[in-house]
Amino acid sequence: MAVLLTILSVILQCMSVCATEEGEEAQEEEQLPSGPDWAIDTATAPQVVADSAILMDIDTGVILYEKNIHKKQYPASITKLLTCLLAAENSELTDVVTFSHEAVYGIERDSSNIGIDEGQQMTMEDCLYAALLESANEVSSGIAEHVGGSIEGFADMMNEKVQELGGTDSHFVNANGLHDDNHYTSAYDMALIGQAFAKNETLLAMSGTVFHHIDPTPEQPDSIDLRHKHRMLPECQRSPRWPYEYTIGGKNGFTTVSRSTLVTFAKKDGHRLVCVVLRDEYPKHYEDTIDLFQFGFACYDNPAVRAQIDVKAKELQAGSEEPSQEEEDLTGEEAETLTQEEMDDRVDKLENGRNPLSDEGEEQDGEESGRQSQKGLTGMTMLTIVVIAVAVAAAGTCSFIFYRSWLKEQERKRRQAEIMARHRARKQRGENE
């Protein structure tokens, strides 16, 4: 027992050292100059104004560019991408949404809406178009109540979905993105949401539709024209000032607290990218996005950079391949399952009133004593094996922890050196100018 306690103490000390090193690493990184955290091609990475930004390959999950991707930010109306994703997964396009008093009047006055009144009804399909194109806040609340039973219940579903996708930086409290101090996300989490959204072909097509008409019905007597607010769509009817020919969809947002937020999907030569910029300023959020797309698609044209992308794609694919449940349970099944012969033997012993785990028949005192001694030796042998196994496992765990810490330290030094080099280059260019 003392040996086991000693081994456990060593393991805990190793884990404590690792946690301390990671905390110190995070603190040191926070002190680095601001700017891009990492880009797959640092030589051509653009200067992005947005406080947080990320560029991700939709189909592989490879990140081509990142800047403050885990920083807490307010998403504004790009929240509606998650709202529509959950609606598509938990309802049918033909569902009828009835708008409650809370859905209609629970939004801020003069915020984005399409004038739906209490008691009116729309199909889920028209609701999704209204949320994505016109950013209708009352419609988003109606979707939440229809799918989640209440806005609070739907918010719980939103938070569960983000965690399911791998996000760790988000907390949502409403379906429309109207400001709340407890409603926040990160560029990384929004990229994961955007990736899942874009893999739904119906939603992607909707988010790339520049115009949609809603006919009047007895339950909704108004004729409503919906026009997309994302000005990078080549055929955007609101303003063609910022068209990008490869844009295939997206969603924009704005509040006075969040500033401009933007999620955009683009496709070129078979490559699909999602770009997220947070806390940007108009029209820089469009300029930043276009610059990042041009950078990203150019990465695929550079053989050396493309090789790096392929390597990262394989690493992500390997990491996502988990053993099947059957394989995980195999060892446990072998340890716990008895053969039919062993089961029959135990049943016979129970029927005869004997302990199935004891030897058959009555033994002399000397023989019983011998068996007890043998059991004691066996117990000691098993204890020794357990202690050795735990010791080996502890040594392996400690070695792995220290090795991982060493790798992180090398990566941190490399990234720090790259960042400082870029900043020295910028400073030198500024002095020369």
# chains A, B, ... in the order shown; residues from 1 in each chain; ligands from 1
>>> residues_around(residues="segment 95-98 of chain A", least_positions_apart="5", cutoff="7 Å", atoms="only C-alpha atoms", output="list in words")
Gly119, Gln120, Gln121, Met122, Thr123, Met124, Gly142, Ile143 and His146 of chain A
>>> select_by_dssp(residues="segment 15-244 of chain A", states="strand (DSSP E or B)", output="JSON, numbers by chain")
{"A": [38, 39, 52, 53, 54, 55, 56, 57, 63, 64, 65, 66, 67, 73, 96, 97, 98, 121, 122, 123, 171, 184, 185, 211, 212, 213, 214, 217, 220, 224, 225, 226, 227]}
>>> atom_distance(atom1="atom CA of Met56 of chain A", atom2="atom CA of Tyr286 of chain A")
16.8 Å
>>> residues_around(residues="Gly296 of chain A", least_positions_apart="2", cutoff="12 Å", atoms="only C-alpha atoms", output="mmCIF file with C-alpha atoms, in the first residue's frame")
data_model
loop_
_atom_site.group_PDB
_atom_site.id
_atom_site.type_symbol
_atom_site.label_atom_id
_atom_site.label_comp_id
_atom_site.auth_asym_id
_atom_site.auth_seq_id
_atom_site.Cartn_x
_atom_site.Cartn_y
_atom_site.Cartn_z
ATOM 1 C CA ALA A 39 -0.213 31.312 -40.669
ATOM 2 C CA ILE A 40 0.612 28.317 -42.822
ATOM 3 C CA ASP A 41 2.611 30.650 -45.110
ATOM 4 C CA THR A 42 3.991 33.450 -42.966
ATOM 5 C CA THR A 44 2.544 36.039 -47.635
ATOM 6 C CA ALA A 45 0.105 36.274 -44.697
ATOM 7 C CA PRO A 46 -1.958 39.475 -44.874
ATOM 8 C CA ILE A 54 -9.447 32.581 -38.751
ATOM 9 C CA LEU A 55 -9.333 30.885 -42.152
ATOM 10 C CA MET A 56 -10.204 27.171 -42.238
ATOM 11 C CA ASP A 57 -10.525 24.556 -44.961
ATOM 12 C CA ILE A 58 -14.120 23.340 -44.678
ATOM 13 C CA VAL A 62 -6.922 22.600 -41.683
ATOM 14 C CA ILE A 63 -6.417 26.131 -40.342
ATOM 15 C CA LEU A 64 -4.523 28.303 -42.814
ATOM 16 C CA TYR A 65 -4.504 31.506 -40.765
ATOM 17 C CA GLU A 66 -5.290 32.444 -37.182
ATOM 18 C CA ALA A 266 -15.910 30.681 -50.611
ATOM 19 C CA LYS A 267 -15.035 28.002 -53.171
ATOM 20 C CA LYS A 268 -12.318 27.958 -55.832
ATOM 21 C CA HIS A 271 -11.303 24.056 -52.330
ATOM 22 C CA ARG A 272 -13.877 25.380 -49.851
ATOM 23 C CA LEU A 273 -12.870 27.836 -47.137
ATOM 24 C CA VAL A 274 -14.676 29.480 -44.233
ATOM 25 C CA CYS A 275 -13.406 32.831 -42.985
ATOM 26 C CA THR A 289 -12.037 38.624 -45.571
ATOM 27 C CA ILE A 290 -11.098 39.103 -49.215
ATOM 28 C CA ASP A 291 -7.403 39.382 -48.311
ATOM 29 C CA LEU A 292 -7.607 36.163 -46.302
ATOM 30 C CA PHE A 293 -9.384 34.289 -49.091
ATOM 31 C CA GLN A 294 -6.789 35.419 -51.640
ATOM 32 C CA ALA A 298 -2.886 30.999 -53.126
ATOM 33 C CA CYS A 299 -1.588 28.511 -50.535
ATOM 34 C CA TYR A 300 -2.970 25.644 -52.644
ATOM 35 C CA ASP A 301 -1.040 26.910 -55.690
ATOM 36 C CA ASN A 302 2.313 26.770 -53.893
ATOM 37 C CA VAL A 305 2.769 25.098 -48.860
ATOM 38 C CA ARG A 306 0.331 22.599 -50.341
ATOM 39 C CA ILE A 309 -1.569 21.497 -45.885
#
>>> residues_around(residues="His171 of chain A", least_positions_apart="4", cutoff="8 Å", atoms="only C-alpha atoms", output="list in words")
Asn159, Asn182, His183, Tyr184 and Thr185 of chain A
>>> write_last_selection(atoms="C-alpha atoms", output="PDB file, in the first residue's frame")
ATOM      1  CA  ASN A 159     -24.233  25.353 -26.043  1.00  0.00           C
ATOM      2  CA  ASN A 182     -23.149  36.304 -21.237  1.00  0.00           C
ATOM      3  CA  HIS A 183     -23.548  35.706 -24.983  1.00  0.00           C
ATOM      4  CA  TYR A 184     -20.079  35.274 -26.464  1.00  0.00           C
ATOM      5  CA  THR A 185     -17.921  33.087 -28.673  1.00  0.00           C
TER       6      THR A 185
END
>>> residues_around(residues="segment 150-152 of chain A", least_positions_apart="3", cutoff="7 Å", atoms="only C-alpha atoms", output="ChimeraX atom specification")
/A:141,144-145,155-156,173-174
>>> select_by_dssp(residues="segment 189-321 of chain A", states="helix (DSSP H, G or I)", output="count of residues only")
53
>>> residues_around(residues="Ser111 of chain A", least_positions_apart="5", cutoff="9 Å", atoms="only C-alpha atoms", output="PyMOL selection string")
chain A and resi 136-137+178
>>> atom_distance(atom1="atom CA of Leu165 of chain A", atom2="atom CA of Ala131 of chain A")
21.9 Å
>>> closest_residue(among="A:Asp225, A:Glu138, A:Glu89, A:Glu219", to="Lys161 of chain A", atoms="only C-alpha atoms")
A:Glu89
>>> atom_distance(atom1="atom CA of Phe154 of chain A", atom2="atom CA of Asn113 of chain A")
19.7 Å
>>> closest_residue(among="A:Arg279, A:Phe254, A:Thr79, A:Ile248", to="Leu132 of chain A", atoms="only C-alpha atoms")
A:Thr79
>>> residues_around(residues="Arg231 of chain A", least_positions_apart="4", cutoff="8 Å", atoms="only C-alpha atoms", output="PyMOL selection string")
chain A and resi 236+238-243
>>> write_last_selection(atoms="C-alpha atoms", output="compact mmCIF listing (two decimals), in the first residue's frame")
# COMPACT_ATOMS: atom_id res chain seq x y z
CA CYS A 236 -26.01 41.17 -53.77
CA ARG A 238 -28.29 45.85 -51.56
CA SER A 239 -24.88 46.98 -52.75
CA PRO A 240 -22.38 45.51 -55.23
CA ARG A 241 -19.45 47.44 -53.74
CA TRP A 242 -17.58 44.45 -52.30
CA PRO A 243 -18.22 41.49 -54.58
>>> closest_residue(among="A:Glu102, A:Asp310, A:Glu164, A:Asp51", to="Lys284 of chain A", atoms="only C-alpha atoms")
A:Asp51
